[in-house]
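Containing compact mmCIF, C-alpha atoms: model_39.txt.
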```txt
# COMPACT_ATOMS: atom_id res chain seq x y z
CA PHE A 1 -21.04 4.77 9.27
CA PRO A 2 -18.20 5.31 8.19
CA THR A 3 -18.18 2.10 6.11
CA GLU A 4 -21.84 2.30 5.16
CA PHE A 5 -24.11 4.62 3.23
CA THR A 6 -27.57 5.34 4.63
CA CYS A 7 -30.26 5.24 1.97
CA ASN A 8 -33.13 7.74 2.18
CA SER A 9 -35.31 4.81 3.24
CA GLY A 10 -33.04 4.13 6.25
CA LEU A 11 -31.48 0.98 4.79
CA CYS A 12 -27.67 0.86 5.02
CA ILE A 13 -25.44 -0.46 2.25
CA ASP A 14 -21.67 -0.77 1.80
CA ILE A 15 -20.23 2.71 1.10
CA PHE A 16 -18.39 1.36 -1.96
CA LYS A 17 -21.76 0.58 -3.57
CA ARG A 18 -22.58 4.30 -3.62
CA CYS A 19 -22.48 5.79 -7.13
CA ASP A 20 -21.52 2.54 -8.87
CA THR A 21 -24.39 2.89 -11.43
CA VAL A 22 -26.33 0.06 -9.72
CA LYS A 23 -29.32 1.00 -7.57
CA ASP A 24 -28.58 -0.89 -4.37
CA CYS A 25 -30.98 1.13 -2.20
CA ASN A 26 -34.62 0.20 -2.73
CA ASP A 27 -35.32 3.92 -3.31
CA GLY A 28 -32.28 4.41 -5.59
CA SER A 29 -30.83 7.14 -3.36
CA ASP A 30 -27.35 5.60 -3.55
CA GLU A 31 -27.20 6.85 -7.15
CA ASP A 32 -28.29 10.43 -6.35
CA GLU A 33 -25.79 13.33 -6.47
CA CYS A 34 -23.02 11.23 -7.99
CA ASN A 35 -20.70 13.86 -9.35
CA MET A 36 -17.15 12.60 -9.11
CA ILE A 37 -15.22 15.87 -9.24
CA LYS A 38 -15.12 18.33 -6.37
CA ILE A 39 -13.27 21.59 -7.02
CA SER A 40 -12.90 24.87 -5.16
CA GLU A 41 -14.39 28.14 -6.46
CA ASN A 42 -10.93 29.56 -7.28
CA TYR A 43 -9.93 26.61 -9.49
CA ASP A 44 -8.57 27.85 -12.85
CA VAL A 45 -9.54 25.46 -15.63
CA SER A 46 -7.23 27.27 -18.09
CA SER A 47 -4.02 26.79 -16.08
CA PRO A 48 -2.10 23.52 -15.71
CA PRO A 49 -2.14 22.31 -12.12
CA GLU A 50 0.94 22.83 -9.97
CA LEU A 51 2.09 20.36 -7.38
CA HIS A 52 1.71 21.65 -3.81
CA ASP A 53 4.99 20.18 -2.59
CA GLU A 54 6.99 21.93 -5.35
CA PRO A 55 5.27 25.24 -6.31
CA GLY A 56 6.31 26.63 -9.69
CA LYS A 57 7.60 23.26 -10.89
CA PRO A 58 5.75 22.00 -13.95
CA ASN A 59 3.43 19.08 -13.33
CA GLU A 60 4.75 16.10 -15.26
CA ILE A 61 2.45 14.50 -17.80
CA TYR A 62 3.30 10.85 -18.32
CA THR A 63 2.63 9.82 -21.89
CA LYS A 64 2.09 6.39 -23.37
CA VAL A 65 1.57 5.89 -27.10
CA GLU A 66 0.35 2.51 -28.24
CA ILE A 67 0.20 1.69 -31.94
CA ILE A 68 -3.04 -0.18 -32.46
CA ASN A 69 -2.76 -0.69 -36.21
CA PHE A 70 -0.65 0.20 -39.25
CA ASP A 71 -3.50 1.30 -41.50
CA SER A 72 -1.43 2.09 -44.58
CA VAL A 73 2.14 2.47 -45.78
CA ASP A 74 2.82 4.38 -49.00
CA THR A 75 6.51 4.38 -49.98
CA VAL A 76 5.91 6.66 -52.98
CA LEU A 77 4.18 9.42 -50.99
CA MET A 78 6.28 8.63 -47.94
CA SER A 79 3.29 8.36 -45.66
CA VAL A 80 2.13 6.05 -42.94
CA GLY A 81 -1.39 5.78 -41.62
CA LEU A 82 -1.58 4.70 -38.00
CA THR A 83 -4.27 4.11 -35.47
CA VAL A 84 -2.82 4.98 -32.09
CA GLU A 85 -4.01 5.17 -28.53
CA ILE A 86 -2.46 7.98 -26.50
CA SER A 87 -2.69 7.82 -22.73
CA LEU A 88 -1.80 10.82 -20.60
CA LYS A 89 -1.46 10.69 -16.84
CA TRP A 90 -0.98 13.64 -14.47
CA GLU A 91 -1.80 14.78 -10.97
CA ASP A 92 -4.14 17.59 -10.03
CA GLN A 93 -3.90 18.19 -6.32
CA ASN A 94 -6.50 20.96 -6.52
CA VAL A 95 -9.25 18.46 -7.28
CA GLU A 96 -10.94 16.02 -4.94
CA TYR A 97 -12.76 12.95 -6.18
CA GLU A 98 -15.93 11.57 -4.63
CA ASN A 99 -17.02 7.96 -4.85
CA ALA A 100 -14.14 7.16 -7.17
CA LYS A 101 -13.71 3.54 -6.11
CA ASN A 102 -16.25 0.78 -5.85
CA ALA A 103 -14.16 -1.66 -3.83
CA LYS A 104 -11.90 -1.15 -0.85
CA GLU A 105 -9.33 -3.60 -2.18
CA SER A 106 -8.96 -2.20 -5.70
CA ALA A 107 -5.63 -0.42 -5.88
CA GLU A 108 -5.42 0.73 -9.50
CA GLU A 109 -9.06 1.02 -10.50
CA PHE A 110 -9.95 3.41 -13.30
CA ARG A 111 -13.32 5.19 -13.05
CA VAL A 112 -14.61 7.16 -16.04
CA ILE A 113 -15.46 10.83 -15.50
CA ALA A 114 -18.69 11.99 -17.15
CA ASP A 115 -18.43 14.40 -20.10
CA ASP A 116 -20.28 17.19 -18.26
CA GLU A 117 -17.70 17.05 -15.45
CA LYS A 118 -14.68 17.11 -17.80
CA ARG A 119 -15.37 20.77 -18.60
CA ASN A 120 -14.68 21.73 -14.98
CA ILE A 121 -11.02 20.68 -14.81
CA TRP A 122 -7.82 21.42 -16.70
CA LEU A 123 -7.12 18.94 -19.49
CA PRO A 124 -3.99 18.66 -21.64
CA PHE A 125 -5.92 17.50 -24.72
CA PRO A 126 -6.37 20.90 -26.43
CA HIS A 127 -2.63 21.47 -25.98
CA VAL A 128 -1.49 18.20 -27.61
CA ILE A 129 -0.14 18.89 -31.08
CA PHE A 130 -0.12 16.22 -33.79
CA ASN A 131 2.51 17.35 -36.28
CA ASN A 132 4.14 15.18 -38.88
CA ALA A 133 7.92 15.29 -38.92
CA ILE A 134 8.41 16.32 -42.55
CA ILE A 135 5.37 16.29 -44.83
CA GLY A 136 1.79 15.20 -44.96
CA GLU A 137 -1.48 15.72 -43.18
CA THR A 138 -2.69 14.62 -39.83
CA LYS A 139 -6.23 13.35 -39.52
CA GLU A 140 -7.42 13.70 -35.98
CA GLU A 141 -10.30 11.72 -34.61
CA ARG A 142 -10.93 12.58 -31.03
CA PHE A 143 -12.36 9.73 -29.05
CA SER A 144 -11.43 10.44 -25.49
CA THR A 145 -12.15 8.90 -22.17
CA LEU A 146 -11.15 10.67 -19.01
CA GLY A 147 -10.88 8.75 -15.82
CA VAL A 148 -9.41 8.86 -12.40
CA SER A 149 -7.07 6.30 -10.94
CA ILE A 150 -7.10 6.46 -7.15
CA GLN A 151 -3.85 5.58 -5.46
CA ASN A 152 -4.47 6.77 -1.92
CA ASN A 153 -6.92 6.19 0.91
CA PRO A 154 -10.06 8.27 1.31
CA GLN A 155 -10.20 11.17 3.71
CA ALA A 156 -11.88 10.34 7.00
CA MET A 157 -15.63 10.84 6.79
CA LYS A 158 -16.99 13.45 9.17
CA SER A 159 -20.27 12.78 10.94
CA GLU A 160 -21.27 16.46 10.58
CA GLU A 161 -21.09 16.30 6.76
CA PRO A 162 -24.53 16.22 5.11
CA ARG A 163 -23.63 13.34 2.77
CA GLU A 164 -21.96 10.04 3.40
CA THR A 165 -19.35 9.82 0.68
CA LEU A 166 -15.72 8.85 0.26
CA ILE A 167 -13.50 11.74 -0.80
CA TYR A 168 -10.04 11.18 -2.28
CA SER A 169 -7.37 13.85 -2.69
CA GLY A 170 -6.16 14.51 -6.25
```

Is it possible to express this structure as structure tokens?
Amino acid sequence: FPTEFTCNSGLCIDIFKRCDTVKDCNDGSDEDECNMIKISENYDVSSPPELHDEPGKPNEIYTKVEIINFDSVDTVLMSVGLTVEISLKWEDQNVEYENAKNAKESAEEFRVIADDEKRNIWLPFPHVIFNNAIIGETKEERFSTLGVSIQNNPQAMKSEEPRETLIYSG
């Protein structure tokens, strides 16, 4: 402690092996209670998060659109079929993330958030509009992955806390 996790059996393992989907404890207790998102009771999933250092200022959503494939081009109907990957990145300082890294050295690691946890936080996806500029239809296929990219150090672990876990601010 604070760099180790104590298994229920008493064995200690590296804290970064906790909740990495590999049972490192002989009793598997390092994979128990592995929710990644920690939110307060007054969190409003329907409102976009504000930044604490600039209240009232909209939280920027960084957008990256990558064209994966030109599926079709029809010059008569003036249509283009594209397969695209859209990446959105934003901060939510009202959320804390537990066990979000599995190595101390990894600076820009991306950990996937489980589908059942996605429902608990604000997401921009329902608010993204896919409109064509002039004519045509938009076919939407929603394959989404939500993850967290940790770019800060964990909060100091407290010996009085009931669980040994690394918590990162959002």

As a check of understanding: the span from atom CA of A:Asn8 to atom CA of A:Glu31 is 11.1 Å

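If all atoms listed in the file are the atoms counted, then among A:Ser47, A:Thr3, A:Asn35, A:Thr63 the closest residue to A:Asp20 is A:Asn35.
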
Once 5 Å is added on each side, what centre and edge lengths in Å to one decimal does the axis-aligned box around all listed atoms of stretch 165-168 of chain A have, as lines of an AutoDock Vina configuration file?
```
center_x = -14.7
center_y = 10.3
center_z = -0.8
size_x = 19.3
size_y = 12.9
size_z = 13.0
```

Contacts of A:Ser40 at 10 Å or less, counting all atoms listed in the file, minus same-chain residues fewer than 4 places along, as a PDB file with C-alpha atoms, keeping the file's coordinate frame?
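Below you can see result.pdb, which holds the result:
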```
ATOM      1  CA  ASP A  44      -8.570  27.850 -12.850  1.00  0.00           C
ATOM      2  CA  ASN A  94      -6.500  20.960  -6.520  1.00  0.00           C
ATOM      3  CA  VAL A  95      -9.250  18.460  -7.280  1.00  0.00           C
ATOM      4  CA  GLU A  96     -10.940  16.020  -4.940  1.00  0.00           C
TER       5      GLU A  96
END
```

Neighbours of A:Pro55 within 12 Å (all atoms listed in the file; same-chain residues fewer than 5 positions away dropped), as an mmCIF file with C-alpha atoms, keeping the file's coordinate frame?
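Contents of part20.cif, as written:
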```cif
data_model
loop_
_atom_site.group_PDB
_atom_site.id
_atom_site.type_symbol
_atom_site.label_atom_id
_atom_site.label_comp_id
_atom_site.auth_asym_id
_atom_site.auth_seq_id
_atom_site.Cartn_x
_atom_site.Cartn_y
_atom_site.Cartn_z
ATOM 1 C CA PRO A 49 -2.140 22.310 -12.120
ATOM 2 C CA GLU A 50 0.940 22.830 -9.970
ATOM 3 C CA GLN A 93 -3.900 18.190 -6.320
#
```

- Have a look at atom CA of A:Leu146 and atom CA of A:Val84 and let me know their distance in Å, one decimal.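 According to the coordinates, atom CA of A:Leu146 and atom CA of A:Val84 are separated by 16.5 Å.
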
With distances taken over all atoms listed in the file, which of A:Ser144, A:Asn59, A:Thr75, A:Ser159 is nearest to A:Phe5?
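Residue with the minimum atom-to-atom distance to A:Phe5: A:Ser159.
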
Nearest to A:Met36, restricted to only C-alpha atoms and choosing among A:Glu164, A:Glu98, A:Asp71, A:Glu4, comes out as A:Glu98

If you count only C-alpha atoms, the residue of A:Leu123, A:Ile167, A:Ile113, A:Leu82 closest to A:Val148 turns out to be A:Ile113

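Going from atom CA of A:Ile68 over to atom CA of A:Trp122, you cover 27.2 Å.
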
Can you work out which one of A:Ile39, A:Val45, A:Ile150, A:Val76 has the shortest atom-to-atom distance to A:Glu91, counting only C-alpha atoms?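 That would be A:Ile150, the residue with the smallest distance to A:Glu91.
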
For A:Pro124, the closest of A:Glu85, A:Asp53, A:Asp92, A:Asp30 counting all atoms listed in the file is A:Asp92

(message) At a cut-off of 10 Å, using all atoms listed in the file, what residues contact A:Gly10? Leave out same-chain residues fewer than 3 positions from it and give the result as a VMD selection string.
(response) chain A and resid 5 to 7 13 25 to 27
